[in-house]
$ cat target32.cif   # mmCIF, C-alpha atoms
data_input
#
loop_
_atom_site.label_atom_id
_atom_site.label_comp_id
_atom_site.auth_asym_id
_atom_site.auth_seq_id
_atom_site.Cartn_x
_atom_site.Cartn_y
_atom_site.Cartn_z
CA MET A 1290 26.48 84.07 -17.26
CA ASP A 1291 27.70 80.54 -16.79
CA ALA A 1292 25.74 77.48 -17.85
CA LEU A 1293 24.15 76.95 -14.43
CA GLU A 1294 22.93 80.55 -14.20
CA GLU A 1295 21.53 80.24 -17.70
CA LEU A 1296 19.55 77.11 -16.79
CA LEU A 1297 18.23 78.83 -13.67
CA ALA A 1298 17.12 81.84 -15.71
CA ILE A 1299 15.37 79.53 -18.20
CA GLU A 1300 13.47 77.76 -15.40
CA HIS A 1301 12.51 81.15 -13.88
CA ILE A 1302 11.12 82.33 -17.19
CA LYS A 1303 9.13 79.10 -17.61
CA ARG A 1304 7.62 79.67 -14.15
CA LEU A 1305 6.90 83.32 -14.99
CA LYS A 1306 4.97 82.29 -18.10
CA ALA A 1307 3.19 79.53 -16.14
CA ARG A 1308 1.90 82.18 -13.76
CA TYR A 1309 0.85 84.30 -16.73
CA PHE A 1310 -1.47 81.52 -17.91
CA ARG A 1311 -2.74 80.59 -14.45
CA PHE A 1312 -3.44 84.18 -13.46
CA VAL A 1313 -5.39 84.87 -16.66
CA ASP A 1314 -7.53 81.76 -16.30
CA THR A 1315 -8.19 82.26 -12.58
CA GLN A 1316 -8.57 86.03 -13.19
CA ASP A 1317 -5.99 87.02 -10.57
CA TRP A 1318 -5.39 90.44 -12.09
CA THR A 1319 -3.17 91.75 -9.27
CA GLY A 1320 -0.84 88.78 -9.68
CA PHE A 1321 -1.01 89.10 -13.47
CA ARG A 1322 0.04 92.77 -13.54
CA ARG A 1323 3.14 92.02 -11.44
CA LEU A 1324 4.50 89.69 -14.12
CA PHE A 1325 5.16 92.64 -16.41
CA THR A 1326 7.58 95.55 -16.32
CA ASP A 1327 5.93 98.97 -16.00
CA ASP A 1328 6.83 99.84 -19.58
CA ALA A 1329 5.79 96.50 -21.09
CA VAL A 1330 4.14 96.59 -24.51
CA LEU A 1331 1.58 94.01 -25.69
CA GLU A 1332 0.32 93.27 -29.16
CA PHE A 1333 -2.75 91.17 -29.88
CA ARG A 1334 -3.67 91.95 -33.46
CA GLU A 1335 -7.03 90.22 -33.33
CA THR A 1336 -8.52 92.56 -30.74
CA MET A 1337 -6.48 95.77 -31.01
CA ASP A 1338 -5.36 98.04 -33.79
CA GLU A 1339 -1.90 98.69 -32.42
CA PRO A 1340 0.40 97.63 -29.54
CA CYS A 1341 -0.67 98.91 -26.15
CA SER A 1342 0.89 99.46 -22.73
CA ILE A 1343 0.38 96.94 -19.95
CA ASP A 1344 -1.80 99.39 -18.00
CA ALA A 1345 -4.10 100.00 -20.95
CA PHE A 1346 -4.24 96.24 -21.49
CA MET A 1347 -5.21 95.56 -17.86
CA ASP A 1348 -8.36 97.67 -18.18
CA GLY A 1349 -9.36 95.90 -21.36
CA VAL A 1350 -8.73 92.30 -20.37
CA ARG A 1351 -10.51 92.53 -17.02
CA ASN A 1352 -13.60 93.79 -18.77
CA TYR A 1353 -13.39 91.43 -21.75
CA LEU A 1354 -13.10 88.30 -19.58
CA ALA A 1355 -15.62 89.25 -16.86
CA GLY A 1356 -17.96 86.28 -16.57
CA VAL A 1357 -16.06 84.32 -19.22
CA CYS A 1358 -14.34 80.97 -18.64
CA SER A 1359 -10.94 81.00 -20.35
CA VAL A 1360 -8.34 78.26 -20.78
CA HIS A 1361 -4.88 79.25 -22.05
CA HIS A 1362 -2.05 76.75 -22.42
CA GLY A 1363 1.57 77.33 -23.42
CA HIS A 1364 3.77 74.72 -25.06
CA MET A 1365 7.32 74.04 -26.22
CA PRO A 1366 9.27 77.20 -25.33
CA GLU A 1367 12.39 78.27 -27.19
CA ILE A 1368 14.09 80.51 -24.62
CA THR A 1369 17.25 82.49 -25.39
CA ILE A 1370 19.14 84.12 -22.52
CA ARG A 1371 20.80 87.17 -24.09
CA SER A 1372 22.59 88.49 -20.98
CA SER A 1373 22.23 88.35 -17.21
CA THR A 1374 19.25 90.72 -17.46
CA GLU A 1375 17.76 90.13 -20.93
CA ALA A 1376 16.04 87.18 -22.57
CA SER A 1377 13.59 86.34 -25.32
CA ALA A 1378 11.34 83.40 -26.14
CA ILE A 1379 8.84 81.92 -28.55
CA TRP A 1380 6.00 79.84 -27.07
CA ALA A 1381 3.41 77.78 -28.89
CA MET A 1382 -0.07 78.29 -27.42
CA ASP A 1383 -3.74 77.53 -27.66
CA ASP A 1384 -6.62 79.23 -25.95
CA LYS A 1385 -10.33 78.80 -25.53
CA LEU A 1386 -12.88 81.36 -24.36
CA PHE A 1387 -16.31 80.10 -23.32
CA PHE A 1388 -18.86 82.91 -23.34
CA SER A 1389 -21.83 80.60 -22.99
CA LYS A 1390 -22.66 81.46 -19.39
CA ARG A 1391 -22.97 85.13 -20.20
CA THR A 1392 -26.30 86.24 -21.59
CA ASP A 1393 -24.62 88.51 -24.11
CA GLY A 1394 -21.27 87.57 -25.59
CA PRO A 1395 -19.58 90.21 -27.75
CA ASP A 1396 -21.35 90.16 -31.12
CA GLY A 1397 -23.12 86.92 -30.28
CA ILE A 1398 -19.92 84.86 -29.93
CA ALA A 1399 -20.33 81.70 -27.84
CA MET A 1400 -16.78 80.46 -28.04
CA VAL A 1401 -13.36 81.41 -29.38
CA LYS A 1402 -10.68 78.79 -30.04
CA GLY A 1403 -7.23 79.87 -31.14
CA TYR A 1404 -3.74 78.58 -31.90
CA GLY A 1405 -0.54 80.54 -32.32
CA HIS A 1406 2.78 81.69 -30.91
CA TYR A 1407 3.82 84.24 -28.31
CA HIS A 1408 6.97 86.18 -29.17
CA GLU A 1409 8.26 87.71 -25.93
CA THR A 1410 11.11 89.54 -24.32
CA TYR A 1411 12.02 89.58 -20.63
CA VAL A 1412 14.17 91.65 -18.34
CA ARG A 1413 15.49 90.81 -14.90
CA GLN A 1414 14.72 93.36 -12.22
CA GLY A 1415 16.50 92.38 -8.98
CA ASN A 1416 15.78 88.66 -8.57
CA GLU A 1417 12.65 88.69 -10.70
CA TRP A 1418 12.33 88.11 -14.43
CA ARG A 1419 9.43 90.06 -15.91
CA ILE A 1420 7.78 90.22 -19.33
CA SER A 1421 8.83 93.39 -21.16
CA SER A 1422 7.08 92.72 -24.46
CA LEU A 1423 4.57 90.23 -25.81
CA ARG A 1424 3.28 89.76 -29.33
CA LEU A 1425 0.80 87.06 -30.29
CA THR A 1426 0.74 85.66 -33.83
CA ARG A 1427 -2.01 83.27 -34.89
CA LEU A 1428 -2.00 80.06 -36.89
CA ARG A 1429 -5.80 79.93 -36.69
CA LEU A 1430 -8.68 81.55 -34.85
CA GLU A 1431 -12.19 80.08 -34.75
CA ARG A 1432 -15.25 81.91 -33.55
CA THR A 1433 -18.48 80.04 -32.83
CA LEU A 1434 -21.70 82.02 -32.71
CA ASN A 1435 -24.51 81.52 -30.23
CA PRO A 1436 -27.20 79.38 -31.90
CA ARG A 1437 -29.79 82.13 -31.57
CA MET A 1438 -27.52 84.52 -33.50
CA ILE A 1439 -27.01 82.15 -36.41
CA ALA A 1440 -30.65 81.92 -37.46
CA MET B 475 20.22 72.14 -1.70
CA ASP B 476 22.36 74.05 -4.08
CA ALA B 477 21.09 75.45 -7.38
CA LEU B 478 22.19 72.44 -9.43
CA GLU B 479 20.51 69.95 -7.11
CA GLU B 480 17.35 72.04 -7.25
CA LEU B 481 17.32 72.01 -11.06
CA LEU B 482 17.86 68.25 -11.05
CA ALA B 483 14.96 67.78 -8.62
CA ILE B 484 12.73 69.94 -10.84
CA GLU B 485 13.56 67.87 -13.93
CA HIS B 486 12.93 64.64 -11.97
CA ILE B 487 9.51 65.87 -10.90
CA LYS B 488 8.66 66.85 -14.48
CA ARG B 489 9.57 63.33 -15.60
CA LEU B 490 7.55 61.84 -12.73
CA LYS B 491 4.45 63.74 -13.83
CA ALA B 492 5.12 62.85 -17.47
CA ARG B 493 4.99 59.19 -16.50
CA TYR B 494 1.77 59.85 -14.57
CA PHE B 495 0.08 61.04 -17.76
CA ARG B 496 1.57 58.34 -20.01
CA PHE B 497 0.73 55.51 -17.61
CA VAL B 498 -2.90 56.65 -17.26
CA ASP B 499 -3.41 56.94 -21.01
CA THR B 500 -1.69 53.63 -21.80
CA GLN B 501 -3.34 52.06 -18.74
CA ASP B 502 -0.07 50.82 -17.23
CA TRP B 503 -1.49 50.54 -13.72
CA THR B 504 1.55 48.83 -12.21
CA GLY B 505 3.78 51.67 -13.37
CA PHE B 506 1.20 54.23 -12.29
CA ARG B 507 0.94 52.95 -8.71
CA ARG B 508 4.73 53.19 -8.27
CA LEU B 509 4.65 56.95 -8.88
CA PHE B 510 2.93 57.51 -5.53
CA THR B 511 3.97 57.10 -1.93
CA ASP B 512 2.06 54.42 -0.01
CA ASP B 513 0.25 57.06 2.03
CA ALA B 514 -0.59 59.35 -0.91
CA VAL B 515 -3.97 61.08 -0.85
CA LEU B 516 -5.90 62.04 -4.02
CA GLU B 517 -8.80 64.39 -4.42
CA PHE B 518 -10.95 64.54 -7.56
CA ARG B 519 -14.07 66.38 -6.52
CA GLU B 520 -16.00 65.60 -9.68
CA THR B 521 -16.08 61.84 -9.12
CA MET B 522 -15.60 61.40 -5.36
CA ASP B 523 -17.15 62.86 -2.25
CA GLU B 524 -13.91 63.12 -0.30
CA PRO B 525 -10.15 62.58 -0.69
CA CYS B 526 -9.13 58.93 -0.97
CA SER B 527 -5.98 56.86 -0.54
CA ILE B 528 -3.93 55.79 -3.56
CA ASP B 529 -4.95 52.17 -3.09
CA ALA B 530 -8.66 52.99 -3.04
CA PHE B 531 -8.10 55.18 -6.10
CA MET B 532 -6.36 52.38 -8.02
CA ASP B 533 -9.42 50.13 -7.79
CA GLY B 534 -11.68 52.90 -9.01
CA VAL B 535 -9.63 54.24 -11.91
CA ARG B 536 -8.89 50.82 -13.41
CA ASN B 537 -12.60 50.06 -13.50
CA TYR B 538 -13.68 53.54 -14.64
CA LEU B 539 -11.28 53.60 -17.60
CA ALA B 540 -11.68 49.96 -18.74
CA GLY B 541 -12.41 50.13 -22.46
CA VAL B 542 -12.17 53.94 -22.49
CA CYS B 543 -9.66 55.93 -24.55
CA SER B 544 -8.24 58.74 -22.40
CA VAL B 545 -5.89 61.60 -23.26
CA HIS B 546 -4.43 63.65 -20.38
CA HIS B 547 -1.92 66.45 -20.94
CA GLY B 548 -0.05 68.58 -18.41
CA HIS B 549 1.22 72.07 -19.05
CA MET B 550 3.24 74.89 -17.55
CA PRO B 551 4.41 73.58 -14.16
CA GLU B 552 5.22 75.85 -11.25
CA ILE B 553 7.50 73.64 -9.14
CA THR B 554 8.79 74.67 -5.72
CA ILE B 555 11.56 72.62 -4.10
CA ARG B 556 10.97 73.04 -0.35
CA SER B 557 13.87 70.94 0.92
CA SER B 558 16.03 68.05 -0.29
CA THR B 559 13.06 65.70 0.24
CA GLU B 560 9.96 67.85 -0.19
CA ALA B 561 8.45 69.73 -3.11
CA SER B 562 5.14 71.05 -4.40
CA ALA B 563 3.76 72.08 -7.78
CA ILE B 564 0.81 73.43 -9.69
CA TRP B 565 0.23 72.07 -13.21
CA ALA B 566 -2.27 73.24 -15.79
CA MET B 567 -4.03 70.30 -17.46
CA ASP B 568 -6.65 69.16 -19.90
CA ASP B 569 -8.14 65.74 -20.35
CA LYS B 570 -10.49 63.93 -22.69
CA LEU B 571 -12.28 60.65 -22.12
CA PHE B 572 -13.81 58.92 -25.14
CA PHE B 573 -16.44 56.40 -24.07
CA SER B 574 -17.77 55.90 -27.57
CA LYS B 575 -16.36 52.45 -28.16
CA ARG B 576 -18.07 51.10 -25.07
CA THR B 577 -21.67 50.08 -25.51
CA ASP B 578 -22.62 51.56 -22.16
CA GLY B 579 -20.86 54.66 -20.91
CA PRO B 580 -21.67 55.72 -17.35
CA ASP B 581 -25.08 57.42 -17.46
CA GLY B 582 -24.96 57.59 -21.25
CA ILE B 583 -21.87 59.80 -21.43
CA ALA B 584 -20.01 59.61 -24.76
CA MET B 585 -17.20 62.02 -23.96
CA VAL B 586 -15.81 64.13 -21.13
CA LYS B 587 -13.57 67.13 -21.79
CA GLY B 588 -12.01 68.99 -18.89
CA TYR B 589 -9.61 71.80 -18.02
CA GLY B 590 -8.05 72.61 -14.68
CA HIS B 591 -5.05 72.51 -12.38
CA TYR B 592 -3.32 69.81 -10.36
CA HIS B 593 -2.07 70.93 -6.95
CA GLU B 594 0.49 68.39 -5.81
CA THR B 595 3.13 67.61 -3.22
CA TYR B 596 6.08 65.27 -3.62
CA VAL B 597 8.55 63.54 -1.36
CA ARG B 598 11.90 62.02 -2.21
CA GLN B 599 12.37 58.41 -1.11
CA GLY B 600 15.96 57.33 -1.80
CA ASN B 601 16.66 58.53 -5.34
CA GLU B 602 13.02 58.65 -6.40
CA TRP B 603 10.60 61.55 -6.16
CA ARG B 604 7.04 60.34 -5.65
CA ILE B 605 3.64 62.04 -5.54
CA SER B 606 2.42 62.32 -1.93
CA SER B 607 -0.77 64.28 -2.59
CA LEU B 608 -2.79 65.36 -5.60
CA ARG B 609 -5.84 67.61 -5.81
CA LEU B 610 -7.52 68.51 -9.08
CA THR B 611 -9.42 71.77 -9.43
CA ARG B 612 -11.46 72.47 -12.54
CA LEU B 613 -11.87 75.53 -14.72
CA ARG B 614 -14.47 73.70 -16.81
CA LEU B 615 -15.86 70.23 -17.34
CA GLU B 616 -17.97 69.28 -20.37
CA ARG B 617 -19.95 66.07 -20.68
CA THR B 618 -21.37 64.98 -24.04
CA LEU B 619 -24.17 62.42 -24.04
CA ASN B 620 -24.52 59.54 -26.48
CA PRO B 621 -26.96 60.57 -29.20
CA ARG B 622 -29.37 57.74 -28.29
CA MET B 623 -29.54 59.07 -24.70
CA ILE B 624 -30.42 62.59 -25.73
CA ALA B 625 -33.69 61.78 -27.49
CA MET C 755 28.63 63.61 -18.46
CA ASP C 756 28.17 65.40 -15.19
CA ALA C 757 24.79 66.56 -13.91
CA LEU C 758 25.11 70.07 -15.34
CA GLU C 759 26.00 68.82 -18.82
CA GLU C 760 23.05 66.45 -18.64
CA LEU C 761 20.62 69.26 -17.79
CA LEU C 762 22.03 71.36 -20.64
CA ALA C 763 21.56 68.47 -23.08
CA ILE C 764 17.95 68.01 -21.87
CA GLU C 765 17.18 71.70 -22.44
CA HIS C 766 18.80 71.55 -25.90
CA ILE C 767 16.65 68.58 -26.87
CA LYS C 768 13.51 70.36 -25.63
CA ARG C 769 14.41 73.34 -27.82
CA LEU C 770 15.13 71.03 -30.77
CA LYS C 771 11.68 69.48 -30.47
CA ALA C 772 10.11 72.93 -30.03
CA ARG C 773 11.58 73.95 -33.37
CA TYR C 774 10.28 70.70 -34.89
CA PHE C 775 6.72 71.72 -34.01
CA ARG C 776 7.11 75.38 -34.95
CA PHE C 777 8.76 74.63 -38.29
CA VAL C 778 6.01 72.14 -39.26
CA ASP C 779 3.22 74.54 -38.38
CA THR C 780 4.85 77.54 -40.07
CA GLN C 781 5.99 75.28 -42.94
CA ASP C 782 9.65 76.29 -42.67
CA TRP C 783 10.88 73.18 -44.46
CA THR C 784 14.52 74.29 -44.71
CA GLY C 785 14.66 74.78 -40.95
CA PHE C 786 12.77 71.53 -40.39
CA ARG C 787 15.17 69.38 -42.42
CA ARG C 788 18.16 70.69 -40.44
CA LEU C 789 16.73 69.26 -37.19
CA PHE C 790 17.42 65.72 -38.42
CA THR C 791 20.56 63.73 -39.08
CA ASP C 792 21.08 62.75 -42.72
CA ASP C 793 20.34 59.11 -41.94
CA ALA C 794 17.27 59.78 -39.76
CA VAL C 795 14.38 57.33 -40.05
CA LEU C 796 10.74 58.31 -39.48
CA GLU C 797 7.73 56.12 -38.89
CA PHE C 798 4.15 57.38 -39.10
CA ARG C 799 2.02 54.26 -39.40
CA GLU C 800 -1.16 56.13 -40.26
CA THR C 801 0.14 57.51 -43.56
CA MET C 802 2.96 55.18 -44.59
CA ASP C 803 3.40 51.44 -44.89
CA GLU C 804 6.92 51.34 -43.52
CA PRO C 805 9.57 53.63 -41.96
CA CYS C 806 11.11 56.11 -44.41
CA SER C 807 14.22 58.25 -44.65
CA ILE C 808 14.11 61.94 -43.77
CA ASP C 809 14.61 62.92 -47.42
CA ALA C 810 11.71 60.77 -48.63
CA PHE C 811 9.62 62.22 -45.78
CA MET C 812 10.42 65.82 -46.77
CA ASP C 813 8.92 65.34 -50.23
CA GLY C 814 5.77 63.84 -48.78
CA VAL C 815 5.09 66.29 -45.95
CA ARG C 816 5.61 69.42 -48.06
CA ASN C 817 3.02 68.15 -50.52
CA TYR C 818 0.60 66.79 -47.91
CA LEU C 819 0.48 70.06 -45.95
CA ALA C 820 0.44 72.50 -48.89
CA GLY C 821 -2.48 74.83 -48.24
CA VAL C 822 -3.33 73.10 -44.95
CA CYS C 823 -3.31 74.79 -41.54
CA SER C 824 -1.68 72.46 -39.01
CA VAL C 825 -1.25 72.76 -35.24
CA HIS C 826 1.08 70.30 -33.49
CA HIS C 827 1.83 70.48 -29.77
CA GLY C 828 4.22 68.42 -27.66
CA HIS C 829 3.83 67.76 -23.97
CA MET C 830 5.51 66.18 -20.97
CA PRO C 831 8.84 64.86 -22.28
CA GLU C 832 10.67 61.97 -20.68
CA ILE C 833 14.24 62.54 -21.87
CA THR C 834 17.07 60.10 -21.16
CA ILE C 835 20.64 61.16 -21.86
CA ARG C 836 22.45 57.92 -22.70
CA SER C 837 25.92 59.36 -23.30
CA SER C 838 27.51 62.66 -24.30
CA THR C 839 26.30 62.07 -27.88
CA GLU C 840 23.18 59.89 -27.56
CA ALA C 841 19.75 60.43 -26.06
CA SER C 842 16.17 59.22 -26.33
CA ALA C 843 12.78 60.59 -25.37
CA ILE C 844 9.05 59.97 -25.28
CA TRP C 845 6.77 62.98 -25.87
CA ALA C 846 3.02 63.17 -25.54
CA MET C 847 1.44 65.05 -28.47
CA ASP C 848 -1.70 66.20 -30.15
CA ASP C 849 -2.16 67.55 -33.63
CA LYS C 850 -4.86 69.08 -35.77
CA LEU C 851 -4.95 69.47 -39.54
CA PHE C 852 -7.51 71.84 -41.02
CA PHE C 853 -8.11 71.10 -44.69
CA SER C 854 -11.16 73.33 -44.93
CA LYS C 855 -9.54 76.10 -46.96
CA ARG C 856 -8.49 73.68 -49.65
CA THR C 857 -11.13 72.86 -52.24
CA ASP C 858 -10.14 69.20 -52.25
CA GLY C 859 -8.86 67.57 -49.09
CA PRO C 860 -7.51 64.04 -49.48
CA ASP C 861 -10.51 61.72 -49.77
CA GLY C 862 -12.87 64.48 -48.68
CA ILE C 863 -11.30 64.96 -45.24
CA ALA C 864 -11.99 68.36 -43.67
CA MET C 865 -10.08 67.89 -40.45
CA VAL C 866 -7.83 65.40 -38.67
CA LYS C 867 -7.40 65.45 -34.89
CA GLY C 868 -4.94 63.09 -33.24
CA TYR C 869 -3.37 62.17 -29.91
CA GLY C 870 -0.35 60.01 -29.24
CA HIS C 871 3.32 59.73 -28.36
CA TYR C 872 6.56 60.35 -30.21
CA HIS C 873 9.33 57.85 -29.45
CA GLU C 874 12.60 59.45 -30.55
CA THR C 875 16.35 59.12 -30.49
CA TYR C 876 18.88 61.92 -30.84
CA VAL C 877 22.56 62.24 -31.56
CA ARG C 878 24.88 65.16 -30.93
CA GLN C 879 26.86 66.33 -33.94
CA GLY C 880 29.34 69.03 -32.88
CA ASN C 881 27.30 71.37 -30.67
CA GLU C 882 23.94 70.42 -32.16
CA TRP C 883 21.57 67.71 -31.03
CA ARG C 884 19.60 66.28 -33.96
CA ILE C 885 16.74 63.80 -34.29
CA SER C 886 18.05 60.44 -35.54
CA SER C 887 14.79 58.50 -35.36
CA LEU C 888 11.12 59.27 -34.77
CA ARG C 889 8.17 56.92 -34.40
CA LEU C 890 4.64 58.13 -33.71
CA THR C 891 2.17 55.89 -31.88
CA ARG C 892 -1.48 56.92 -31.58
CA LEU C 893 -3.94 56.84 -28.73
CA ARG C 894 -6.67 58.08 -31.08
CA LEU C 895 -7.11 59.56 -34.53
CA GLU C 896 -10.30 61.29 -35.66
CA ARG C 897 -11.09 62.19 -39.25
CA THR C 898 -13.94 64.56 -40.08
CA LEU C 899 -15.31 64.52 -43.61
CA ASN C 900 -16.33 67.55 -45.60
CA PRO C 901 -20.12 67.91 -45.35
CA ARG C 902 -20.57 67.48 -49.09
CA MET C 903 -18.75 64.13 -48.94
CA ILE C 904 -20.96 62.73 -46.19
CA ALA C 905 -24.26 62.84 -48.11
#

$ encode --input "target32.cif" --output "C-alpha cells"
Amino acid sequence: MDALEELLAIEHIKRLKARYFRFVDTQDWTGFRRLFTDDAVLEFRETMDEPCSIDAFMDGVRNYLAGVCSVHHGHMPEITIRSSTEASAIWAMDDKLFFSKRTDGPDGIAMVKGYGHYHETYVRQGNEWRISSLRLTRLRLERTLNPRMIA
Amino acid sequence: MDALEELLAIEHIKRLKARYFRFVDTQDWTGFRRLFTDDAVLEFRETMDEPCSIDAFMDGVRNYLAGVCSVHHGHMPEITIRSSTEASAIWAMDDKLFFSKRTDGPDGIAMVKGYGHYHETYVRQGNEWRISSLRLTRLRLERTLNPRMIA
Amino acid sequence: MDALEELLAIEHIKRLKARYFRFVDTQDWTGFRRLFTDDAVLEFRETMDEPCSIDAFMDGVRNYLAGVCSVHHGHMPEITIRSSTEASAIWAMDDKLFFSKRTDGPDGIAMVKGYGHYHETYVRQGNEWRISSLRLTRLRLERTLNPRMIA
C-alpha cells in the first residue's frame, strides 16, 4: 500500500471503532454485530473465563446490558497497517456502567468504572474493515455496590 | 473530491471541533463564535425548549458559564464528507461543570456530569470549515446539589 | 511539505502521543524516555517550581508513580506542522492517580484527578518525531485525602 492508502485505512479503522462504541452505548446490536468478522474472537477477562466467539458474545452482552446505561470511550489509537487487508491497533479506553435504574443489578452492583486498553486486529473484506479479534486489558476496575447491599 | 482532499477535510474538521472544546473551557468566546456559520442552529434539549441561533446561544452560554469551571471532551468522531463544501459528523462526548466556586449555582447545583453525542453538520466557507448545525443527545446527565441545598 | 506528507506527520505525532500515555500508565520508562529528544524540557507547574530536563524528570516520575495506578487520556489534538522537521500541538487531557494501594501516599493523598491541556513542540530526527518540549496547564486539579488523614 502507498502512504495515501495507508492513511485511508487508518481513518476507516478509527470510524469502525467509533461505531463500536456508539453501537454498544445506544444498544444497536444489529449494527454492532456487523463490525466483526464471522470468526472474530473476543476476550474480556473480567467477565469470562476464556476467549469467546462473536456470536456467543452477542447473546451475553445483550442480556448483560439490558436496562443498563453504558458509556464507553476510546482514546489515542496506535494503528499499524500490516498489509492491504490486515491491521492491528491498541486503544486506550474507559467505560462506565450505571445499573442504578434496574431494580436488581448483578450481585448488587450499582456502577462499574473501568480503565484499560483494547488490543485488536482487523481484516479488510471487500471495502469494509472489520474487527477480527479484540482483547481488553485493565489498568483498574472499580465496582460500587448499591447502598442497600452494603449494610 | 479525491481521497487526499477528503482526508484533509476530515483533519480540518477534527481541528475545528478541538477548538470548539478548548474555547468553551477557556471561555474564549470571540474564538468560539468564529467556529460557526452566521446561520448556525444549536440544539441542547436539556437547557432550551427549542433550537436556537448561534447569536442567541452566545448570550446564554457566556452568562451560564461565568465563574464556572467546565471540562468538555470529544471522542471517536464519525465524519462523512458529503461534497467539497458539506460534511457531517457524530462525536461521542462527556462534560463536567463545576459550580462549586460560585456562591450561588443555578438551583443549588454544585456539579453537572454528562455523557452523549454531538450530531453536527459543517460547511466550507473559503478555506475554513465551520459548524452549521449542532444537536446534543444525552446518554446520561447527573446533577449534584450543593450540600447546603440537600438538607 | 506537501499535503500528504503533512497528514503523515500528523498521524505520526498522534501515535507518538498515544505511546506517551500508554507508557506512563504501564510504567514502561525505557519506552517513555525514547519519545523525547535528549534536550527536551518539561513543565508541570503543580509538582515542580520550574521547567526541568527530560532526564531530571525521569528520576522524579519513576519514583512518584511507583506503586501508583495512573490513567492518563489525551483528547482533541490541534497539530500544526511548521516544517518538515518541526511541529507543535495542543492536546486536551485528563488524568487520575490512585494512591490507595500504597500504605503512604504523599501527604495522605488517596487520589488526584486533573483536567487541562498539554502545549507541546516536536522535532523530527531521521524518521522519528520526538517531543522537544511539553508544558501542562490545568483547568482543574482535585486532590482527595485518605480518610484517616481527614479526621

$ residues_near_point --input "target32.cif" --point "(13.8, 60.7, -41.3)" --cutoff "7 Å" --atoms "only C-alpha atoms" --output "VMD selection string"
chain C and resid 790 793 to 796 806 to 809 811 887

$ write_last_selection --input "target32.cif" --atoms "C-alpha atoms" --output "tab-separated table (two decimals), keeping the file's coordinate frame"
chain	number	residue	atom	x	y	z
C	790	PHE	CA	17.42	65.72	-38.42
C	793	ASP	CA	20.34	59.11	-41.94
C	794	ALA	CA	17.27	59.78	-39.76
C	795	VAL	CA	14.38	57.33	-40.05
C	796	LEU	CA	10.74	58.31	-39.48
C	806	CYS	CA	11.11	56.11	-44.41
C	807	SER	CA	14.22	58.25	-44.65
C	808	ILE	CA	14.11	61.94	-43.77
C	809	ASP	CA	14.61	62.92	-47.42
C	811	PHE	CA	9.62	62.22	-45.78
C	887	SER	CA	14.79	58.50	-35.36

$ atom_distance --input "target32.cif" --atom1 "CA of Val535 in chain B" --atom2 "CA of Ile484 in chain B"
27.3 Å

$ closest_residue --input "target32.cif" --among "A:Thr1369, A:Thr1410, A:Ser1377, A:Thr1336" --to "chain C" --atoms "only C-alpha atoms"
A:Thr1369

$ resolve_selection --input "target32.cif" --expression "the PyMOL selection byres ((chain C) within 12 of (chain B))" --output "MDAnalysis selection string"
chainID C and resid 756:762 764:765 768 827:834 843:848 868:872 891:896

$ residues_around --input "target32.cif" --residues "Thr511 in chain B" --least-positions-apart "4" --cutoff "8 Å" --atoms "all atoms listed in the file" --output "JSON, numbers by chain"
{"B": [597, 604, 605, 606]}

$ build_atoms --input "target32.cif" --residues "range 511-522 of chain B" --atoms "N, CA and C atoms" --output "compact mmCIF listing (two decimals), in the coordinates of the input"
# COMPACT_ATOMS: atom_id res chain seq x y z
N THR B 511 3.60 57.66 -3.22
CA THR B 511 3.97 57.10 -1.93
C THR B 511 2.81 56.22 -1.44
N ASP B 512 3.11 55.33 -0.51
CA ASP B 512 2.06 54.42 -0.01
C ASP B 512 0.94 55.16 0.71
N ASP B 513 1.28 56.32 1.28
CA ASP B 513 0.25 57.06 2.03
C ASP B 513 -0.30 58.25 1.24
N ALA B 514 -0.13 58.22 -0.08
CA ALA B 514 -0.59 59.35 -0.91
C ALA B 514 -2.11 59.50 -0.84
N VAL B 515 -2.55 60.76 -0.91
CA VAL B 515 -3.97 61.08 -0.85
C VAL B 515 -4.34 61.82 -2.14
N LEU B 516 -5.45 61.43 -2.76
CA LEU B 516 -5.90 62.04 -4.02
C LEU B 516 -7.29 62.62 -3.86
N GLU B 517 -7.50 63.73 -4.54
CA GLU B 517 -8.80 64.39 -4.42
C GLU B 517 -9.27 64.85 -5.81
N PHE B 518 -10.31 64.17 -6.30
CA PHE B 518 -10.95 64.54 -7.56
C PHE B 518 -12.41 64.83 -7.23
N ARG B 519 -12.74 66.08 -7.04
CA ARG B 519 -14.07 66.38 -6.52
C ARG B 519 -15.20 65.97 -7.45
N GLU B 520 -14.90 65.88 -8.75
CA GLU B 520 -16.00 65.60 -9.68
C GLU B 520 -16.50 64.17 -9.60
N THR B 521 -15.63 63.24 -9.15
CA THR B 521 -16.08 61.84 -9.12
C THR B 521 -16.06 61.23 -7.72
N MET B 522 -15.64 61.99 -6.71
CA MET B 522 -15.60 61.40 -5.36
C MET B 522 -16.03 62.44 -4.34
